[in-house]
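Undergrad: My structure is in structure.txt, and what it holds is compact mmCIF, C-alpha atoms:
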```txt
# COMPACT_ATOMS: atom_id res chain seq x y z
CA MET A 1 0.00 0.00 0.00
CA ILE A 2 2.86 2.38 0.82
CA ARG A 3 4.33 1.73 -2.64
CA TYR A 4 0.96 2.50 -4.24
CA TRP A 5 0.59 5.84 -2.44
CA TYR A 6 4.18 6.75 -3.31
CA TRP A 7 3.45 6.02 -6.99
CA TYR A 8 0.14 7.88 -6.81
CA TRP A 9 1.60 11.06 -5.33
CA THR A 10 4.63 10.93 -7.63
CA MET A 11 2.34 10.69 -10.65
CA ALA A 12 0.05 13.40 -9.27
CA ILE A 13 2.99 15.77 -8.86
CA PHE A 14 4.16 14.90 -12.38
CA VAL A 15 0.71 15.58 -13.83
CA LEU A 16 0.42 18.94 -12.04
CA GLY A 17 3.85 19.88 -13.32
CA LEU A 18 2.89 18.91 -16.85
CA LEU A 19 -0.34 20.92 -16.67
CA ALA A 20 1.74 23.91 -15.63
CA LEU A 21 4.07 23.36 -18.57
CA MET A 22 1.08 23.13 -20.90
CA ALA A 23 0.02 26.57 -19.70
CA ASN A 24 3.41 28.11 -20.51
CA ALA A 25 4.68 29.32 -23.85
CA GLU A 26 6.36 26.00 -24.67
CA VAL A 27 4.87 22.53 -24.54
CA ASP A 28 7.02 19.74 -23.11
CA LEU A 29 6.17 17.05 -25.66
CA ASP A 30 8.64 14.58 -24.16
CA ALA A 31 6.92 14.81 -20.78
CA PHE A 32 3.54 14.51 -22.47
CA GLU A 33 4.63 11.40 -24.37
CA SER A 34 5.84 9.85 -21.10
CA LEU A 35 2.41 10.50 -19.61
CA VAL A 36 0.74 8.89 -22.65
CA LYS A 37 2.74 5.73 -21.93
CA ASN A 38 2.33 5.59 -18.16
CA ALA A 39 -0.94 7.39 -17.38
CA PRO A 40 -2.95 7.79 -20.61
CA ASP A 41 -6.12 9.01 -18.85
CA GLU A 42 -4.17 11.84 -17.26
CA ALA A 43 -2.50 12.55 -20.60
CA LEU A 44 -5.90 13.16 -22.17
CA LYS A 45 -6.77 15.68 -19.45
CA ALA A 46 -3.52 17.52 -20.15
CA TYR A 47 -4.26 17.31 -23.89
CA GLN A 48 -7.65 18.96 -23.55
CA ASN A 49 -6.12 21.81 -21.54
CA ALA A 50 -3.31 22.27 -24.06
CA ILE A 51 -5.39 22.39 -27.24
CA ALA A 52 -7.55 25.16 -25.74
CA ARG A 53 -4.57 27.49 -26.10
CA GLU A 54 -4.35 29.77 -29.13
CA ASP A 55 -0.61 30.40 -29.15
CA LEU A 56 0.75 26.96 -30.00
CA ALA A 57 2.72 26.28 -33.17
CA VAL A 58 1.07 24.04 -35.73
CA ALA A 59 3.81 21.42 -35.32
CA ASP A 60 3.24 21.26 -31.53
CA LEU A 61 -0.53 21.05 -31.93
CA TYR A 62 -0.10 18.28 -34.47
CA GLN A 63 2.03 16.26 -32.04
CA LEU A 64 -0.53 16.74 -29.30
CA HIS A 65 -3.35 15.44 -31.54
CA TYR A 66 -1.19 12.55 -32.75
CA LEU A 67 -0.23 11.51 -29.20
CA ALA A 68 -3.85 11.88 -28.07
CA ILE A 69 -4.80 9.27 -30.66
CA ARG A 70 -2.31 6.89 -29.03
CA ALA A 71 -3.62 7.61 -25.54
CA SER A 72 -7.30 7.34 -26.45
CA ALA A 73 -6.69 4.10 -28.36
CA ASN A 74 -5.67 2.52 -25.07
CA THR A 75 -8.23 4.18 -22.78
CA PHE A 76 -11.35 3.50 -24.89
CA ASN A 77 -12.02 7.22 -25.16
CA ASN A 78 -13.69 6.98 -28.55
CA ALA A 79 -14.83 10.59 -28.61
CA ILE A 80 -11.28 11.98 -28.39
CA PHE A 81 -9.93 9.21 -30.66
CA ILE A 82 -12.33 10.08 -33.49
CA LYS A 83 -12.15 13.86 -32.97
CA ALA A 84 -8.33 13.86 -33.03
CA LEU A 85 -8.31 11.72 -36.19
CA ASN A 86 -10.77 14.03 -37.93
CA THR A 87 -8.67 17.03 -36.91
CA LEU A 88 -5.63 15.56 -38.66
CA LYS A 89 -7.57 15.06 -41.90
CA ALA A 90 -7.95 18.81 -42.48
CA PRO A 91 -5.65 21.83 -42.82
CA PRO A 92 -3.35 22.87 -41.29
CA PHE A 93 -2.47 19.31 -40.23
CA LYS A 94 -3.28 17.27 -43.36
CA THR A 95 0.19 17.51 -44.93
CA LEU A 96 1.92 16.45 -41.71
CA ALA A 97 -0.57 13.61 -41.23
CA ASP A 98 -0.07 12.36 -44.79
CA GLU A 99 3.65 12.11 -44.09
CA ASP A 100 2.85 10.07 -40.97
CA ARG A 101 0.25 7.91 -42.69
CA ALA A 102 1.92 4.61 -41.68
CA LYS A 103 2.05 5.60 -37.99
CA ILE A 104 -1.51 6.90 -37.99
CA LEU A 105 -2.87 3.74 -39.62
CA THR A 106 -0.94 1.73 -37.04
CA ASN A 107 -2.46 3.67 -34.15
CA ILE A 108 -5.92 3.21 -35.63
CA GLY A 109 -5.17 -0.51 -35.78
CA VAL A 110 -4.19 -0.45 -32.11
CA GLY A 111 -7.50 1.22 -31.28
CA TYR A 112 -9.38 -1.56 -33.07
CA ARG A 113 -7.26 -4.30 -31.50
CA ARG A 114 -7.77 -2.97 -28.00
CA ARG A 115 -11.52 -3.18 -28.62
CA ASN A 116 -11.28 -6.74 -30.03
CA GLN A 117 -12.14 -5.56 -33.53
CA ASN A 118 -9.29 -7.73 -34.73
CA GLU A 119 -10.21 -8.00 -38.42
CA GLN A 120 -10.36 -4.22 -38.69
CA ALA A 121 -7.03 -4.05 -36.88
CA ILE A 122 -5.36 -6.43 -39.34
CA TRP A 123 -6.70 -4.54 -42.37
CA HIS A 124 -5.35 -1.24 -41.05
CA TYR A 125 -1.99 -2.77 -40.13
CA ARG A 126 -1.68 -4.26 -43.62
CA CYS A 127 -2.51 -0.87 -45.14
CA ALA A 128 0.32 0.59 -43.07
CA MET A 129 2.64 -2.19 -44.29
CA ASN A 130 1.99 -1.02 -47.86
CA THR A 131 3.13 2.55 -47.15
CA PRO A 132 6.73 3.76 -46.99
CA ALA A 133 8.03 3.07 -43.49
CA SER A 134 11.25 2.27 -41.69
CA PHE A 135 12.48 -1.22 -40.85
CA GLN A 136 11.55 -0.58 -37.24
CA HIS A 137 8.02 0.44 -38.08
CA LYS A 138 7.53 -2.55 -40.39
CA SER A 139 8.73 -4.76 -37.53
CA ALA A 140 6.22 -3.14 -35.16
CA LEU A 141 3.47 -3.81 -37.67
CA LYS A 142 4.37 -7.49 -37.80
CA VAL A 143 4.09 -7.59 -34.01
CA ASN A 144 0.67 -5.95 -34.11
CA ILE A 145 -0.60 -8.23 -36.87
CA ALA A 146 0.64 -11.25 -34.91
CA ILE A 147 -1.20 -10.09 -31.78
CA ALA A 148 -4.44 -9.78 -33.72
CA TYR A 149 -4.04 -13.25 -35.27
CA THR A 150 -3.31 -14.75 -31.85
CA ARG A 151 -6.53 -13.20 -30.55
CA LEU A 152 -8.34 -14.74 -33.51
CA GLU A 153 -6.99 -18.12 -32.26
CA GLN A 154 -4.48 -18.40 -35.10
CA PRO A 155 -1.24 -18.15 -33.05
CA ALA A 156 0.89 -20.08 -35.53
CA ILE A 157 0.42 -17.35 -38.16
CA GLY A 158 1.42 -14.77 -35.58
CA TYR A 159 4.39 -16.77 -34.34
CA ASN A 160 5.84 -17.16 -37.84
CA LEU A 161 5.51 -13.43 -38.45
CA LEU A 162 7.26 -12.65 -35.16
CA LYS A 163 10.13 -15.03 -35.78
CA SER A 164 10.80 -13.31 -39.11
CA VAL A 165 11.74 -10.09 -37.26
CA ASP A 166 15.44 -9.45 -36.59
CA ARG A 167 15.07 -8.61 -32.89
CA GLU A 168 18.63 -7.41 -32.39
CA MET A 169 18.07 -4.61 -34.90
CA LEU A 170 15.30 -3.12 -32.75
CA PRO A 171 15.51 -0.62 -29.87
CA SER A 172 14.67 -1.85 -26.40
CA PHE A 173 11.03 -0.73 -26.29
CA MET A 174 10.28 -2.51 -29.57
CA GLN A 175 12.03 -5.66 -28.43
CA ALA A 176 9.73 -5.56 -25.40
CA GLY A 177 6.62 -5.57 -27.58
CA LEU A 178 8.02 -8.33 -29.77
CA LEU A 179 8.89 -10.49 -26.76
CA THR A 180 5.44 -9.99 -25.24
CA ALA A 181 3.76 -11.05 -28.46
CA LEU A 182 6.08 -14.07 -28.74
CA GLY A 183 5.14 -15.05 -25.19
CA ASN A 184 1.43 -14.86 -25.99
CA ALA A 185 1.72 -16.82 -29.23
CA THR A 186 4.03 -19.41 -27.67
CA PHE A 187 1.70 -19.98 -24.73
CA ALA A 188 -1.26 -20.33 -27.08
CA MET A 189 0.69 -23.11 -28.81
CA GLY A 190 1.22 -24.94 -25.50
CA GLU A 191 4.78 -23.91 -24.53
CA ALA A 192 4.29 -22.34 -21.09
CA ASP A 193 7.89 -22.21 -19.84
CA GLU A 194 9.14 -20.71 -23.10
CA ALA A 195 6.35 -18.15 -22.90
CA LEU A 196 7.36 -17.19 -19.35
CA SER A 197 10.92 -16.65 -20.51
CA TYR A 198 9.68 -14.26 -23.18
CA TYR A 199 7.54 -12.37 -20.63
CA VAL A 200 10.43 -11.95 -18.19
CA ASP A 201 12.69 -10.66 -20.97
CA ALA A 202 9.94 -8.30 -22.13
CA ALA A 203 9.54 -6.82 -18.64
CA THR A 204 13.28 -6.11 -18.54
CA HIS A 205 13.10 -4.20 -21.82
CA TYR A 206 9.99 -2.27 -20.79
CA ALA A 207 11.81 -1.19 -17.62
CA LYS A 208 14.73 0.07 -19.71
CA ASP A 209 12.25 2.22 -21.61
CA GLU A 210 10.75 3.44 -18.29
CA ASN A 211 7.34 2.08 -19.32
CA TYR A 212 6.48 0.80 -15.86
CA ARG A 213 2.81 0.22 -16.58
CA ALA A 214 3.81 -2.17 -19.36
CA VAL A 215 6.19 -3.94 -16.94
CA LYS A 216 3.22 -4.69 -14.71
CA GLN A 217 0.96 -5.60 -17.63
CA VAL A 218 3.34 -8.21 -18.97
CA SER A 219 3.86 -9.49 -15.43
CA ILE A 220 0.13 -10.30 -15.33
CA ASN A 221 0.72 -12.65 -18.26
CA GLY A 222 3.36 -14.49 -16.25
CA LEU A 223 1.23 -14.92 -13.11
CA GLY A 224 -0.73 -17.85 -14.48
CA ILE A 225 2.43 -19.67 -15.51
CA TYR A 226 3.88 -19.30 -12.01
CA VAL A 227 0.69 -20.96 -10.77
CA LEU A 228 1.03 -23.76 -13.35
CA ASN A 229 4.53 -24.38 -12.01
CA SER A 230 3.37 -24.12 -8.37
CA ASP A 231 5.91 -21.31 -7.98
CA PHE A 232 3.90 -19.37 -5.42
CA SER A 233 6.83 -17.29 -4.22
CA ASN A 234 7.29 -15.60 -7.60
CA TYR A 235 3.51 -15.44 -8.03
CA HIS A 236 3.09 -13.38 -4.83
CA LYS A 237 6.11 -11.23 -5.64
CA ALA A 238 4.79 -10.34 -9.10
CA LEU A 239 1.26 -9.80 -7.76
CA ALA A 240 2.50 -7.33 -5.12
CA ASP A 241 4.14 -5.27 -7.87
CA ILE A 242 1.03 -5.36 -10.06
CA ALA A 243 -1.12 -4.22 -7.12
CA THR A 244 0.54 -0.79 -7.30
CA GLU A 245 -1.35 -0.17 -10.57
CA PRO A 246 -5.06 -0.10 -9.59
CA SER A 247 -6.33 0.28 -13.16
CA LEU A 248 -4.66 -2.99 -14.15
CA ILE A 249 -6.25 -4.74 -11.18
CA GLU A 250 -9.65 -3.46 -12.29
CA ASP A 251 -9.13 -4.35 -15.96
CA ASN A 252 -8.09 -7.91 -15.08
CA GLN A 253 -10.29 -8.51 -12.05
CA ASN A 254 -11.81 -11.80 -13.27
CA TYR A 255 -8.49 -13.36 -14.20
CA LEU A 256 -6.84 -12.20 -10.97
CA GLY A 257 -9.86 -13.43 -9.01
CA TRP A 258 -9.52 -16.85 -10.66
CA LEU A 259 -5.85 -17.02 -9.73
CA ARG A 260 -6.51 -15.86 -6.17
CA GLU A 261 -9.16 -18.52 -5.54
CA LEU A 262 -7.02 -21.24 -7.13
CA VAL A 263 -3.81 -20.34 -5.33
CA GLN A 264 -5.57 -20.10 -1.97
CA GLN A 265 -6.51 -23.78 -2.21
CA LEU A 266 -3.29 -24.98 -3.81
CA GLU A 267 -1.23 -23.42 -1.04
CA GLN A 268 -3.24 -25.41 1.48
CA ASN A 269 -2.01 -28.59 -0.26
CA LYS A 270 -5.52 -29.84 -0.82
CA GLN A 271 -5.71 -33.11 -2.70
CA ALA A 272 -8.57 -31.79 -4.79
CA VAL A 273 -9.49 -28.19 -5.54
CA THR A 274 -13.13 -27.34 -4.90
CA VAL A 275 -14.50 -25.31 -7.78
CA SER A 276 -16.97 -22.88 -6.27
CA THR A 277 -19.65 -20.89 -8.06
CA THR A 278 -17.41 -17.87 -7.66
CA MET A 279 -14.52 -19.66 -9.37
CA LYS A 280 -16.78 -20.67 -12.25
CA ALA A 281 -17.81 -17.04 -12.72
CA TYR A 282 -14.19 -15.91 -12.59
CA ALA A 283 -13.24 -18.57 -15.15
CA LEU A 284 -15.85 -17.36 -17.64
CA GLY A 285 -14.95 -13.73 -17.06
CA ALA A 286 -11.25 -14.44 -17.48
CA ALA A 287 -11.92 -16.32 -20.71
CA ASN A 288 -13.86 -13.38 -22.11
CA ALA A 289 -10.96 -11.10 -21.15
CA GLY A 290 -8.56 -13.17 -23.27
CA TYR A 291 -7.28 -15.69 -20.72
CA ALA A 292 -9.18 -18.78 -21.89
CA SER A 293 -6.04 -20.74 -22.77
CA MET A 294 -4.51 -19.99 -19.37
CA VAL A 295 -7.64 -21.03 -17.45
CA ASN A 296 -7.86 -24.22 -19.51
CA ALA A 297 -4.21 -24.98 -18.76
CA HIS A 298 -5.02 -24.72 -15.04
CA ILE A 299 -8.08 -26.96 -15.49
CA ASP A 300 -5.87 -29.62 -17.10
CA LYS A 301 -2.91 -29.30 -14.75
CA PHE A 302 -4.90 -29.45 -11.52
CA ASN A 303 -7.68 -31.79 -12.72
CA LEU A 304 -10.39 -29.28 -11.91
CA SER A 305 -14.02 -30.35 -12.14
CA LEU A 306 -14.85 -27.62 -14.60
CA PRO A 307 -15.56 -27.77 -18.34
CA LYS A 308 -13.07 -26.05 -20.63
CA VAL A 309 -13.89 -22.40 -21.18
CA THR A 310 -14.05 -20.64 -24.51
CA SER A 311 -13.47 -17.00 -25.27
CA GLN A 312 -16.65 -15.15 -26.13
CA ILE A 313 -14.93 -12.13 -27.62
CA ILE A 314 -16.63 -9.00 -26.36
CA VAL A 315 -16.21 -5.91 -28.47
CA ARG A 316 -15.90 -3.13 -25.91
CA ASP A 317 -16.97 0.34 -27.02
CA PRO A 318 -16.54 -0.49 -30.73
CA LEU A 319 -15.19 2.10 -33.12
CA PRO A 320 -16.77 2.82 -36.52
CA VAL A 321 -15.19 0.70 -39.26
CA GLU A 322 -12.63 1.92 -41.81
CA LEU A 323 -11.50 4.97 -39.83
CA GLY A 324 -8.24 4.97 -41.79
CA LYS A 325 -9.84 5.25 -45.23
CA THR A 326 -8.46 8.77 -45.71
CA TRP A 327 -4.93 7.33 -45.60
CA CYS A 328 -5.79 3.96 -47.21
CA PRO A 329 -8.52 4.30 -49.88
CA LYS A 330 -8.45 0.52 -50.52
CA LEU A 331 -10.13 -0.16 -47.17
```
Can you present the structure in this file as structure tokens?
TA:
Amino acid sequence: MIRYWYWYWTMAIFVLGLLALMANAEVDLDAFESLVKNAPDEALKAYQNAIAREDLAVADLYQLHYLAIRASANTFNNAIFIKALNTLKAPPFKTLADEDRAKILTNIGVGYRRRNQNEQAIWHYRCAMNTPASFQHKSALKVNIAIAYTRLEQPAIGYNLLKSVDREMLPSFMQAGLLTALGNATFAMGEADEALSYYVDAATHYAKDENYRAVKQVSINGLGIYVLNSDFSNYHKALADIATEPSLIEDNQNYLGWLRELVQQLEQNKQAVTVSTTMKAYALGAANAGYASMVNAHIDKFNLSLPKVTSQIIVRDPLPVELGKTWCPKL
């Protein structure tokens, strides 16, 4: 709890400082980008304050709108997501946006993927692949396409795409995303220990990039594998770190509830785990949140009296289709 309050007040001070910077003549875009990564909801508050100003240069305003698209993609703020996109389609930002077409299409794809609109995500990523882009950006697109295919229960397609990327040519933050995706695809193909190795490596790279929220997010992926291996020490250690990020606890409450109920009985060395009504509800909720393969692995490993669960993909706050048509007419 002390660690949580320390993080909370540190972030609060950072946000207040950023809001003050947004009110000054210059905008600290580096600080704003850091907030987009670590506290996207707060970033959107700062964004709305900043764009109300009338003295900002076009280039700074463009960056604010572009970064707001990234933040709103991850926070399900569809209103800001769509408004920022529409803003970039018109003067004075259209020329800058056209030059960034690959990145914008990618961010639109992320918005769709986060909402489980995976087919739309793949189409937008493939549009971005067909535009001029750097090796690094093409690599990032392969990662994103692989994630979407894994969510469509086609992990082998995703895995092959990921293995075609030359990881050593990528900066640390991109290696982190690649390793996370490899962990997800590998686990979906039944290789739990290999997946855990990828997750641990990914967390190390996210930490190098100071993306501490992502460190905790990828640690959630590893929790279930620690349970599979009856490694309760590392399970509790990782869980304590994740608990300092309340929004992640809320977003993953069914999966974490499933693990909590399961671990509580396993640590008591019971010969048979009793599957309560609560556990059944957690199992279904976790499956719908994308953890069906993990729950089923637990069912198999611990001989639980529970039918296998399937993922009923829920499209949360869906976006309109073909939002990237301005930058990819073939959509």
Undergrad: Just the number, please: distance in Å from CA of Gln265 in chain A to CA of Gly290 in chain A, one decimal.
TA: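 Interatomic distance here is 23.7 Å.
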Undergrad: Using all atoms listed in the file for the distances, tell me which of A:Ile147, A:Arg101, A:Ala39, A:Leu223 is nearest to Pro246 in chain A.
TA: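 Residue with the minimum atom-to-atom distance to Pro246 in chain A: A:Ala39.
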Undergrad: How many Å separate CA of Thr244 in chain A from CA of Val200 in chain A?
TA: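 Taking CA of Thr244 in chain A as the start and CA of Val200 in chain A as the end point, the length is 18.5 Å.
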Undergrad: Counting all atoms listed in the file, what is within 6 Å of Ser311 in chain A, bar same-chain residues fewer than 6 positions away, as a list in words?
TA: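 Close residues of Ser311 in chain A: Ala287, Asn288 and Ala292 of chain A.
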Undergrad: Give me, please, the distance in Å between CA of Ile220 in chain A and CA of Leu248 in chain A, quoted to one decimal.
TA: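 Distance between the two atoms: 8.8 Å.
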Undergrad: Name all residues at most 10 Å from Ala202 in chain A (count all atoms listed in the file; drop same-chain ones fewer than 3 positions away) and give them as a VMD selection string.
TA: chain A and resid 172 to 183 196 to 199 205 to 208 214 to 215 218 to 219
Undergrad: What's the 7 Å shell around range 128-143 of chain A, counting all atoms listed in the file, without same-chain residues fewer than 2 positions away, as a list in words?
TA: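 Contacts, with the query itself left out: Ala102, Leu105, Thr106, His124, Tyr125, Arg126, Ile145, Ala146, Ile147, Leu161, Leu162, Val165, Leu170, Met174, Leu178 and Ala181 of chain A.
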Undergrad: If the box runs along x, y and z of the file and leaves 8 Å on each side of range 316-325 of chain A, what are its centre and edge lengths in Å, one decimal, as AutoDock Vina command-line options?
TA:
```
--center_x -12.6 --center_y 1.1 --center_z -35.6 --size_x 24.7 --size_y 24.4 --size_z 35.3
```
Undergrad: Pick out the closest residue to Pro320 in chain A from this set: A:Tyr62, A:Phe187, A:Tyr47, A:Phe81. Count only C-alpha atoms.
TA: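 Of the candidates, the smallest distance to Pro320 in chain A is held by A:Phe81.
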Undergrad: Taking 4 positions as the minimum chain separation for residues in the same chain, which residues sit within 12 Å of range 235-240 of chain A when counting all atoms listed in the file? Answer as a PyMOL selection string.
TA: chain A and resi 1-4+200+203+215-231+244-246+248-249+256-257+259-260+263-264+267
Undergrad: Of the candidates A:Trp327, A:Phe76, A:Tyr255, A:Tyr212, which shows the shortest atom-to-atom distance to Leu35 in chain A, using only C-alpha atoms?
TA: A:Tyr212
Undergrad: Measuring atom to atom with only C-alpha atoms, identify which of A:Lys37, A:His65, A:Lys270, A:Arg316 is nearest to Thr87 in chain A.
TA: A:His65
Undergrad: Here is a test: counting all atoms listed in the file, which residue of A:Ala121, A:Leu44, A:Val110, A:Val58 is nearest to Pro92 in chain A?
TA: A:Val58
Undergrad: Nearest to Tyr66 in chain A: which of A:Ala185, A:Ile104, A:Ala50, A:Leu29 is it, counting all atoms listed in the file?
TA: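 With all atoms listed in the file as the atom set, the closest residue is A:Ile104.
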